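Reproduced below: structure_28.txt, with compact mmCIF, C-alpha atoms and all ligand atoms.
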```txt
# COMPACT_ATOMS: atom_id res chain seq x y z
CA MET U 1 8.11 -43.36 15.38
CA SER U 2 7.91 -46.43 13.23
CA GLU U 3 9.82 -46.72 10.02
CA ARG U 4 6.50 -46.70 8.22
CA SER U 5 5.19 -43.45 9.69
CA ARG U 6 8.49 -41.49 9.51
CA PRO U 7 8.25 -38.72 6.89
CA ARG U 8 10.65 -39.39 4.09
CA CYS U 9 12.24 -37.06 1.63
CA ARG U 10 11.00 -38.12 -1.72
CA PRO U 11 13.71 -38.22 -4.39
CA ALA U 12 12.01 -35.48 -6.46
CA THR U 13 11.82 -33.11 -3.46
CA ALA U 14 15.46 -33.74 -2.63
CA ARG U 15 16.37 -32.85 -6.20
CA HIS U 16 14.37 -29.62 -5.94
CA LEU U 17 16.09 -28.75 -2.70
CA LEU U 18 19.48 -29.38 -4.24
CA LEU U 19 18.60 -27.21 -7.24
CA LEU U 20 17.38 -24.46 -4.93
CA LEU U 21 20.65 -24.55 -2.96
CA MET U 22 22.66 -24.45 -6.18
CA TRP U 23 20.61 -21.51 -7.44
CA LEU U 24 21.09 -19.63 -4.15
CA ALA U 25 24.83 -20.23 -4.29
CA HIS U 26 24.92 -19.00 -7.88
CA ALA U 27 22.83 -15.90 -7.04
CA ARG U 28 25.15 -15.15 -4.12
CA ALA U 29 28.20 -15.50 -6.38
CA VAL U 30 26.64 -13.22 -9.03
CA ALA U 31 25.76 -10.60 -6.39
CA ALA U 32 29.32 -10.73 -5.00
CA ALA U 33 30.82 -10.44 -8.49
CA GLU U 34 28.54 -7.49 -9.30
CA ALA U 35 29.46 -5.77 -6.05
CA THR U 36 33.17 -6.06 -6.79
CA SER U 37 32.69 -5.06 -10.43
CA ARG U 38 30.72 -2.02 -9.26
CA PRO U 39 33.02 -0.24 -6.83
CA ALA U 40 31.20 2.47 -4.91
CA LEU U 41 31.75 6.17 -5.35
CA ALA U 42 32.81 7.50 -1.94
CA ILE U 43 31.71 11.08 -1.34
CA PRO U 44 33.70 13.25 1.04
CA ASP U 45 31.97 15.55 3.51
CA ARG U 46 31.56 19.26 2.72
CA LEU U 47 32.54 18.73 -0.91
CA ARG U 48 32.27 21.57 -3.41
CA LEU U 49 30.87 19.99 -6.56
CA LEU U 50 30.58 21.73 -9.91
CA VAL U 51 28.41 19.96 -12.48
CA VAL U 52 29.02 21.14 -16.04
CA ALA U 53 26.06 20.53 -18.36
CA PRO U 54 26.21 21.10 -22.12
CA HIS U 55 22.42 21.66 -22.09
CA PRO U 56 19.74 22.08 -19.41
CA ASP U 57 18.68 18.57 -18.26
CA ASP U 58 22.08 16.83 -18.72
CA GLU U 59 23.06 17.62 -15.13
CA THR U 60 19.99 15.85 -13.74
CA LEU U 61 20.09 12.91 -16.15
CA GLY U 62 23.73 12.14 -15.35
CA ALA U 63 24.23 13.42 -11.83
CA GLY U 64 20.84 14.15 -10.22
CA GLY U 65 21.55 11.62 -7.47
CA LEU U 66 25.15 12.73 -6.98
CA MET U 67 24.06 16.34 -6.47
CA GLN U 68 21.61 15.31 -3.75
CA ARG U 69 24.16 13.07 -2.02
CA VAL U 70 26.79 15.82 -1.94
CA GLN U 71 24.29 18.15 -0.29
CA LYS U 72 23.34 15.48 2.21
CA HIS U 73 27.02 15.28 3.17
CA GLY U 74 27.10 19.01 3.88
CA GLY U 75 28.57 19.91 0.50
CA ARG U 76 27.75 22.69 -1.94
CA VAL U 77 26.58 22.05 -5.50
CA SER U 78 26.90 24.47 -8.42
CA VAL U 79 25.73 23.85 -11.97
CA ALA U 80 27.11 25.49 -15.11
CA TYR U 81 25.13 25.38 -18.36
CA LEU U 82 27.39 25.86 -21.36
CA THR U 83 24.46 26.30 -23.76
CA SER U 84 20.76 26.92 -23.19
CA GLY U 85 19.63 24.15 -25.51
CA ASP U 86 18.13 26.67 -27.92
CA GLY U 87 18.98 24.73 -31.10
CA TYR U 88 16.43 21.96 -30.87
CA VAL U 89 14.81 22.62 -34.24
CA ASP U 90 12.07 19.96 -34.15
CA ALA U 91 10.94 21.09 -30.72
CA VAL U 92 10.90 24.79 -31.66
CA GLU U 93 8.94 24.01 -34.82
CA LEU U 94 6.46 22.09 -32.72
CA GLU U 95 6.20 24.85 -30.10
CA THR U 96 5.74 27.63 -32.65
CA ASN U 97 3.66 25.55 -35.04
CA SER U 98 5.91 26.82 -37.82
CA LEU U 99 8.34 25.16 -40.19
CA LYS U 100 10.43 28.34 -40.23
CA PRO U 101 10.81 29.56 -36.67
CA LYS U 102 12.37 32.99 -36.24
CA PRO U 103 15.67 33.57 -34.40
CA GLU U 104 13.77 35.03 -31.43
CA ASP U 105 11.72 31.81 -31.23
CA PHE U 106 14.94 29.89 -30.60
CA VAL U 107 15.98 32.37 -27.91
CA ASP U 108 12.55 32.06 -26.29
CA TYR U 109 12.96 28.30 -26.30
CA GLY U 110 16.38 28.64 -24.64
CA GLU U 111 14.82 30.91 -21.98
CA ARG U 112 12.16 28.29 -21.38
CA ARG U 113 14.76 25.56 -20.91
CA LEU U 114 16.75 27.72 -18.51
CA HIS U 115 13.59 28.33 -16.51
CA GLU U 116 12.97 24.58 -16.40
CA ALA U 117 16.55 24.08 -15.20
CA LEU U 118 15.91 26.50 -12.37
CA ARG U 119 12.81 24.58 -11.31
CA ALA U 120 14.60 21.23 -11.64
CA LEU U 121 17.40 22.37 -9.34
CA GLN U 122 14.89 23.84 -6.89
CA ALA U 123 13.20 20.41 -6.81
CA ILE U 124 16.41 19.03 -5.29
CA SER U 125 17.05 22.06 -3.07
CA ILE U 126 19.74 23.76 -5.14
CA SER U 127 19.45 27.52 -4.94
CA GLN U 128 19.10 29.76 -7.98
CA LYS U 129 22.32 31.43 -6.86
CA ARG U 130 24.25 28.25 -7.67
CA LEU U 131 23.14 28.14 -11.30
CA PHE U 132 25.55 29.63 -13.86
CA VAL U 133 24.59 30.31 -17.46
CA PHE U 134 27.12 30.71 -20.25
CA GLY U 135 24.66 30.90 -23.18
CA PHE U 136 27.15 29.59 -25.73
CA PRO U 137 25.85 28.12 -29.02
CA ASP U 138 23.79 24.96 -28.84
CA GLY U 139 25.12 22.56 -31.47
CA GLY U 140 28.28 24.63 -31.87
CA LEU U 141 30.63 23.62 -29.04
CA ARG U 142 32.63 21.17 -31.14
CA ASP U 143 33.16 23.83 -33.83
CA LEU U 144 34.51 26.15 -31.15
CA LEU U 145 37.29 23.62 -30.54
CA SER U 146 38.39 23.77 -34.17
CA ALA U 147 37.34 26.30 -36.83
CA HIS U 148 36.09 28.88 -34.31
CA TRP U 149 38.77 28.63 -31.66
CA SER U 150 40.11 32.13 -32.28
CA SER U 151 38.11 35.20 -31.29
CA SER U 152 38.84 36.59 -34.76
CA THR U 153 36.55 33.94 -36.28
CA PRO U 154 33.50 33.90 -34.01
CA PHE U 155 30.81 31.29 -34.47
CA VAL U 156 27.35 32.43 -35.51
CA SER U 157 24.45 30.33 -34.24
CA PRO U 158 22.37 29.07 -37.20
CA TYR U 159 19.37 29.13 -34.85
CA THR U 160 19.43 32.38 -32.91
CA GLY U 161 21.63 34.22 -35.43
CA ASP U 162 23.78 35.45 -32.54
CA SER U 163 27.55 35.48 -32.26
CA ARG U 164 27.41 36.15 -28.50
CA PRO U 165 25.11 35.01 -25.67
CA PRO U 166 21.61 36.50 -26.08
CA TYR U 167 20.58 35.67 -22.50
CA SER U 168 20.39 38.36 -19.85
CA GLN U 169 21.55 35.93 -17.14
CA SER U 170 24.69 34.96 -19.09
CA LEU U 171 27.94 35.25 -17.15
CA SER U 172 29.57 37.19 -20.00
CA PRO U 173 26.99 38.56 -22.46
CA ASP U 174 29.61 40.65 -24.30
CA THR U 175 31.88 37.70 -25.09
CA SER U 176 31.86 36.51 -28.68
CA TYR U 177 31.43 32.83 -29.46
CA SER U 178 34.95 31.40 -29.72
CA GLY U 179 36.72 28.44 -28.19
CA VAL U 180 39.31 30.56 -26.49
CA ALA U 181 36.56 32.67 -24.88
CA LEU U 182 34.69 29.66 -23.52
CA GLU U 183 37.91 28.18 -22.14
CA ARG U 184 38.72 31.49 -20.45
CA GLU U 185 35.23 32.03 -19.01
CA LEU U 186 35.02 28.48 -17.72
CA ALA U 187 38.45 28.84 -16.10
CA ARG U 188 37.22 32.03 -14.39
CA LEU U 189 34.21 30.23 -12.97
CA ILE U 190 36.33 27.31 -11.75
CA ILE U 191 38.73 29.68 -9.97
CA ARG U 192 35.76 31.49 -8.40
CA LEU U 193 34.01 28.32 -7.18
CA ASN U 194 37.15 26.32 -6.37
CA PRO U 195 35.42 22.93 -6.67
CA GLY U 196 36.88 19.76 -5.21
CA TRP U 197 35.10 17.73 -7.90
CA ILE U 198 33.88 18.60 -11.39
CA ALA U 199 31.37 16.33 -13.13
CA VAL U 200 30.95 16.72 -16.88
CA THR U 201 29.77 14.64 -19.83
CA GLY U 202 32.39 12.14 -21.04
CA PRO U 203 34.46 12.45 -24.24
CA TRP U 204 32.85 9.21 -25.46
CA ASP U 205 29.39 10.80 -25.50
CA ILE U 206 28.19 10.77 -29.11
CA HIS U 207 26.56 14.21 -28.90
CA PRO U 208 29.25 16.62 -30.18
CA ASP U 209 28.38 19.27 -27.56
CA HIS U 210 28.70 16.68 -24.79
CA CYS U 211 32.07 15.46 -26.00
CA ALA U 212 33.30 19.03 -26.46
CA ALA U 213 32.16 20.00 -22.93
CA PHE U 214 34.63 17.49 -21.49
CA HIS U 215 37.51 18.91 -23.51
CA PHE U 216 36.60 22.47 -22.52
CA VAL U 217 36.74 21.51 -18.84
CA VAL U 218 40.14 19.81 -19.27
CA ARG U 219 41.51 22.75 -21.25
CA SER U 220 40.26 25.23 -18.67
CA LEU U 221 41.97 23.28 -15.88
CA ARG U 222 45.20 23.21 -17.87
CA ARG U 223 44.90 26.94 -18.48
CA ILE U 224 44.56 27.61 -14.74
CA HIS U 225 47.49 25.31 -13.99
CA SER U 226 49.72 27.01 -16.54
CA SER U 227 49.22 30.38 -14.84
CA ASP U 228 49.36 28.97 -11.28
CA PRO U 229 51.64 25.94 -10.85
CA ASN U 230 50.34 25.54 -7.26
CA PHE U 231 46.82 24.96 -8.52
CA ARG U 232 45.59 21.51 -7.56
CA PRO U 233 43.13 20.33 -10.22
CA PRO U 234 39.82 19.02 -8.89
CA VAL U 235 38.88 15.38 -9.28
CA LEU U 236 37.24 14.94 -12.65
CA LEU U 237 34.16 12.74 -13.04
CA ALA U 238 32.58 11.96 -16.38
CA TYR U 239 28.95 10.96 -16.83
CA THR U 240 27.18 9.61 -19.90
CA VAL U 241 24.00 10.84 -21.56
CA HIS U 242 24.10 9.78 -25.22
CA ARG U 243 25.59 6.43 -26.24
CA PRO U 244 24.25 3.53 -28.30
CA ASP U 245 22.32 1.14 -26.03
CA TRP U 246 22.45 3.63 -23.18
CA PRO U 247 20.92 3.82 -20.69
CA GLY U 248 18.52 1.13 -21.88
CA PHE U 249 14.97 1.00 -20.69
CA SER U 250 14.98 -1.78 -18.11
CA GLU U 251 13.13 0.12 -15.41
CA GLY U 252 14.32 -0.71 -11.93
CA THR U 253 17.55 -2.47 -12.93
CA SER U 254 20.97 -1.08 -12.04
CA LEU U 255 23.15 0.58 -14.64
CA ASN U 256 26.49 -0.88 -15.62
CA ALA U 257 29.21 1.15 -17.31
CA PRO U 258 28.25 2.10 -20.87
CA PRO U 259 29.15 -0.73 -23.27
CA ASN U 260 32.45 -0.51 -25.17
CA VAL U 261 33.77 2.50 -23.26
CA SER U 262 37.20 2.21 -21.59
CA PRO U 263 38.35 5.68 -20.66
CA ASP U 264 42.13 6.09 -20.40
CA GLY U 265 43.30 6.90 -16.89
CA ALA U 266 39.84 6.58 -15.31
CA SER U 267 38.01 3.98 -13.23
CA TRP U 268 34.30 3.37 -13.13
CA ARG U 269 32.54 4.18 -9.87
CA PHE U 270 28.91 3.54 -8.98
CA LEU U 271 26.60 5.54 -6.75
CA ASP U 272 23.63 3.60 -5.39
CA LEU U 273 20.73 5.96 -4.83
CA THR U 274 18.32 5.90 -1.92
CA SER U 275 14.59 5.88 -2.69
CA ASP U 276 14.44 9.55 -1.63
CA GLU U 277 17.22 10.43 -4.04
CA LEU U 278 15.52 8.49 -6.80
CA ASP U 279 12.25 10.33 -6.12
CA GLY U 280 14.15 13.62 -6.14
CA LYS U 281 15.76 12.82 -9.47
CA GLY U 282 12.36 11.92 -10.97
CA ARG U 283 10.83 15.14 -9.59
CA ALA U 284 13.67 17.23 -11.03
CA LEU U 285 13.34 15.61 -14.46
CA ASP U 286 9.59 16.24 -14.39
CA GLN U 287 10.33 19.99 -14.42
CA TYR U 288 11.78 19.67 -17.92
CA THR U 289 8.34 19.63 -19.49
CA SER U 290 9.61 20.77 -22.91
CA GLN U 291 11.84 17.67 -23.10
CA MET U 292 9.42 15.30 -21.39
CA ASP U 293 6.91 16.04 -24.14
CA ILE U 294 9.39 14.71 -26.71
CA MET U 295 11.58 12.11 -25.02
CA ALA U 296 9.90 10.88 -21.88
CA VAL U 297 11.00 7.30 -22.55
CA LEU U 298 14.69 8.28 -22.72
CA PHE U 299 14.34 10.38 -19.57
CA ARG U 300 12.70 7.53 -17.66
CA GLY U 301 15.61 5.30 -18.67
CA PHE U 302 17.83 7.43 -16.41
CA VAL U 303 15.65 7.04 -13.31
CA ARG U 304 17.53 3.97 -12.14
CA PRO U 305 18.82 2.72 -8.79
CA ASN U 306 22.34 4.01 -9.44
CA GLU U 307 24.49 6.48 -11.36
CA VAL U 308 27.77 5.70 -13.10
CA PHE U 309 30.86 7.89 -13.32
CA ALA U 310 34.34 7.53 -14.74
CA VAL U 311 36.68 9.03 -12.17
CA TYR U 312 40.05 10.36 -13.40
CA SER U 313 42.97 10.08 -11.03
CA LYS U 314 44.71 12.91 -12.89
CA LEU U 315 43.94 15.18 -15.80
CA PRO U 316 43.79 13.19 -19.04
CA PRO U 317 46.21 14.16 -21.81
CA GLU U 318 44.69 16.42 -24.44
CA PRO U 319 44.32 14.46 -27.68
CA THR U 320 44.84 16.11 -31.06
CA ASP U 321 41.68 14.51 -32.40
CA VAL U 322 38.71 15.56 -30.32
CA CYS U 323 35.09 14.64 -30.92
CA GLY U 324 35.80 13.51 -34.47
CA GLY U 325 37.74 16.60 -35.53
CA ALA U 326 41.19 18.11 -35.21
CA ALA U 327 41.52 20.47 -32.26
CA LYS U 328 43.30 23.80 -32.29
ZN ZN U 401 22.64 17.51 -23.75
```

Would you mind writing the file out in structure tokens?
Ligand SMILES: [Zn+2]
Amino acid sequence: MSERSRPRCRPATARHLLLLLMWLAHARAVAAAEATSRPALAIPDRLRLLVVAPHPDDETLGAGGLMQRVQKHGGRVSVAYLTSGDGYVDAVELETNSLKPKPEDFVDYGERRLHEALRALQAISISQKRLFVFGFPDGGLRDLLSAHWSSSTPFVSPYTGDSRPPYSQSLSPDTSYSGVALERELARLIIRLNPGWIAVTGPWDIHPDHCAAFHFVVRSLRRIHSSDPNFRPPVLLAYTVHRPDWPGFSEGTSLNAPPNVSPDGASWRFLDLTSDELDGKGRALDQYTSQMDIMAVLFRGFVRPNEVFAVYSKLPPEPTDVCGGAAK
């Protein structure tokens, strides 16, 4: 081949090639950095997982993929609902077409949300038998940690008007609304189920019920430990539902840890979901029609390729200031 006919790399093409190589190297470095900054959540076989949800839907938003993965690994998943989500005033007003819904309207709404929870769990093959309802006051869990800790000062729901669970499926319908009662009942359920892991909303969650749920789980574990020193606390995982700029609405992009959250004594772990798990999570969320009608955009923000958990290596110390108030 003569010098004249030999194909030559034009300077501009060479520059493009160089830029492409640099971009590939950069992309590879970013991917490697992301992989190391997103350590994977390793799930043991035959794990007993208890997911504690302040309201119906929180379990699927935060841990819908985790629940499916645990089952895939031969494990058993149980879900405990601390409240039935019956205090959503705007939604009840909308449902009843009334600006002054009656107490029974709020209970009906709670029943509806519990029914949706049942269908959501069925959508990811969790049996009705593994669903546990406490029926404690929606919007009142934080108050139970302070002013209504003692059973002598029970909380009265401003929505249902009840001072004890009005739901027939409640684990303890005769228990009055107090912090000490919820701690005791939750401890009973934990002893009964003996979970290896418990997943609950994190103390940094800005919804007071979500923050309080975390402290109730920690207190219940301490209560069990104080009466049985041989008790080995389960691994505690915290998931996030309500935070500023969380989860964001970039459909299809992976979630990082929630911004500006550095939980003491915990490390972030990431669970990449398969497409089947992602479909399952979407299907489960679709069952919450009462919430989808109001906040579909927020819900869709959680259907992402991964889930994020803070994993505690040991039980966190109980702070005196919890969820913006002094604890008893
Ligand atoms: Zn919630």

Find, counting all atoms listed in the file, the residue in U:Val297, U:Val52, U:Ala199, U:Leu237 that gets nearest to ligand ZN 401 (chain U). U:Val52

State, in Å with one decimal place, the distance from atom CA of U:Glu93 to atom CA of U:Tyr288. 17.7 Å

Counting only C-alpha atoms and all ligand atoms, which residue out of U:Ile224, U:Val235, U:Leu82, U:Val70 sits closest to ligand ZN 401 (chain U)?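 For ligand ZN 401 (chain U), the nearest of the candidates is U:Leu82.
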
Sphere at (41.9, 4.5, -16.0), radius 8 Å, counting only C-alpha atoms: residues as a list in words: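 Collected hits near the coordinates: Ser262, Pro263, Asp264, Gly265, Ala266, Ser267, Val311, Tyr312 and Ser313 of chain U.
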
Could you save the residues just selected, with C-alpha atoms, as a short mmCIF file (atom, residue, chain, number, x, y, z; two decimals), keeping the file's coordinate frame?
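For reference, part-v4.cif as written:
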```cif
data_model
loop_
_atom_site.label_atom_id
_atom_site.label_comp_id
_atom_site.auth_asym_id
_atom_site.auth_seq_id
_atom_site.Cartn_x
_atom_site.Cartn_y
_atom_site.Cartn_z
CA SER U 262 37.20 2.21 -21.59
CA PRO U 263 38.35 5.68 -20.66
CA ASP U 264 42.13 6.09 -20.40
CA GLY U 265 43.30 6.90 -16.89
CA ALA U 266 39.84 6.58 -15.31
CA SER U 267 38.01 3.98 -13.23
CA VAL U 311 36.68 9.03 -12.17
CA TYR U 312 40.05 10.36 -13.40
CA SER U 313 42.97 10.08 -11.03
#
```

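With distances restricted to only C-alpha atoms and all ligand atoms, U:Asp209 is the closest residue to ligand ZN 401 (chain U) from U:Glu111, U:Asp209, U:Glu116, U:Glu185.
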
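Neighbours of ligand ZN 401 (chain U) at a cut-off of 9 Å, computed so that all atoms listed in the file are counted, are the residues Ala53, Pro54, His55, Pro56, Asp57, Asp58, Glu59, Thr83, Gly85, Thr201, His207, Asp209, His210, Val241 and His242 of chain U.
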
Please fill the gaps in stretch 62-83 of chain U so it has N, CA and C atoms, and write that as a short mmCIF file (atom, residue, chain, number, x, y, z; two decimals), in the coordinates of the input.
```cif
data_model
loop_
_atom_site.label_atom_id
_atom_site.label_comp_id
_atom_site.auth_asym_id
_atom_site.auth_seq_id
_atom_site.Cartn_x
_atom_site.Cartn_y
_atom_site.Cartn_z
N GLY U 62 22.48 12.84 -15.68
CA GLY U 62 23.73 12.14 -15.35
C GLY U 62 24.11 12.18 -13.90
N ALA U 63 23.70 13.23 -13.19
CA ALA U 63 24.23 13.42 -11.83
C ALA U 63 23.19 13.93 -10.85
N GLY U 64 21.90 13.68 -11.13
CA GLY U 64 20.84 14.15 -10.22
C GLY U 64 20.96 13.54 -8.84
N GLY U 65 21.37 12.27 -8.77
CA GLY U 65 21.55 11.62 -7.47
C GLY U 65 22.81 12.11 -6.79
N LEU U 66 23.88 12.26 -7.55
CA LEU U 66 25.15 12.73 -6.98
C LEU U 66 24.97 14.11 -6.34
N MET U 67 24.24 14.99 -7.02
CA MET U 67 24.06 16.34 -6.47
C MET U 67 23.35 16.28 -5.12
N GLN U 68 22.34 15.42 -5.03
CA GLN U 68 21.61 15.31 -3.75
C GLN U 68 22.50 14.72 -2.66
N ARG U 69 23.31 13.72 -3.02
CA ARG U 69 24.16 13.07 -2.02
C ARG U 69 25.21 14.05 -1.47
N VAL U 70 25.78 14.85 -2.37
CA VAL U 70 26.79 15.82 -1.94
C VAL U 70 26.18 16.79 -0.94
N GLN U 71 24.95 17.23 -1.22
CA GLN U 71 24.29 18.15 -0.29
C GLN U 71 24.00 17.48 1.05
N LYS U 72 23.63 16.22 0.98
CA LYS U 72 23.34 15.48 2.21
C LYS U 72 24.59 15.37 3.08
N HIS U 73 25.75 15.36 2.43
CA HIS U 73 27.02 15.28 3.17
C HIS U 73 27.56 16.67 3.52
N GLY U 74 26.69 17.66 3.47
CA GLY U 74 27.10 19.01 3.88
C GLY U 74 27.86 19.76 2.81
N GLY U 75 27.83 19.26 1.58
CA GLY U 75 28.57 19.91 0.50
C GLY U 75 27.76 20.98 -0.21
N ARG U 76 28.39 21.61 -1.18
CA ARG U 76 27.75 22.69 -1.94
C ARG U 76 27.81 22.34 -3.42
N VAL U 77 26.67 22.43 -4.08
CA VAL U 77 26.58 22.05 -5.50
C VAL U 77 26.34 23.28 -6.36
N SER U 78 27.12 23.42 -7.42
CA SER U 78 26.90 24.47 -8.42
C SER U 78 26.73 23.79 -9.77
N VAL U 79 25.96 24.42 -10.63
CA VAL U 79 25.73 23.85 -11.97
C VAL U 79 25.99 24.92 -13.02
N ALA U 80 26.81 24.57 -14.01
CA ALA U 80 27.11 25.49 -15.11
C ALA U 80 26.51 24.94 -16.40
N TYR U 81 25.72 25.76 -17.07
CA TYR U 81 25.13 25.38 -18.36
C TYR U 81 25.91 26.06 -19.47
N LEU U 82 26.58 25.26 -20.30
CA LEU U 82 27.39 25.86 -21.36
C LEU U 82 26.51 26.45 -22.46
N THR U 83 25.42 25.75 -22.80
CA THR U 83 24.46 26.30 -23.76
C THR U 83 23.09 26.29 -23.09
#
```
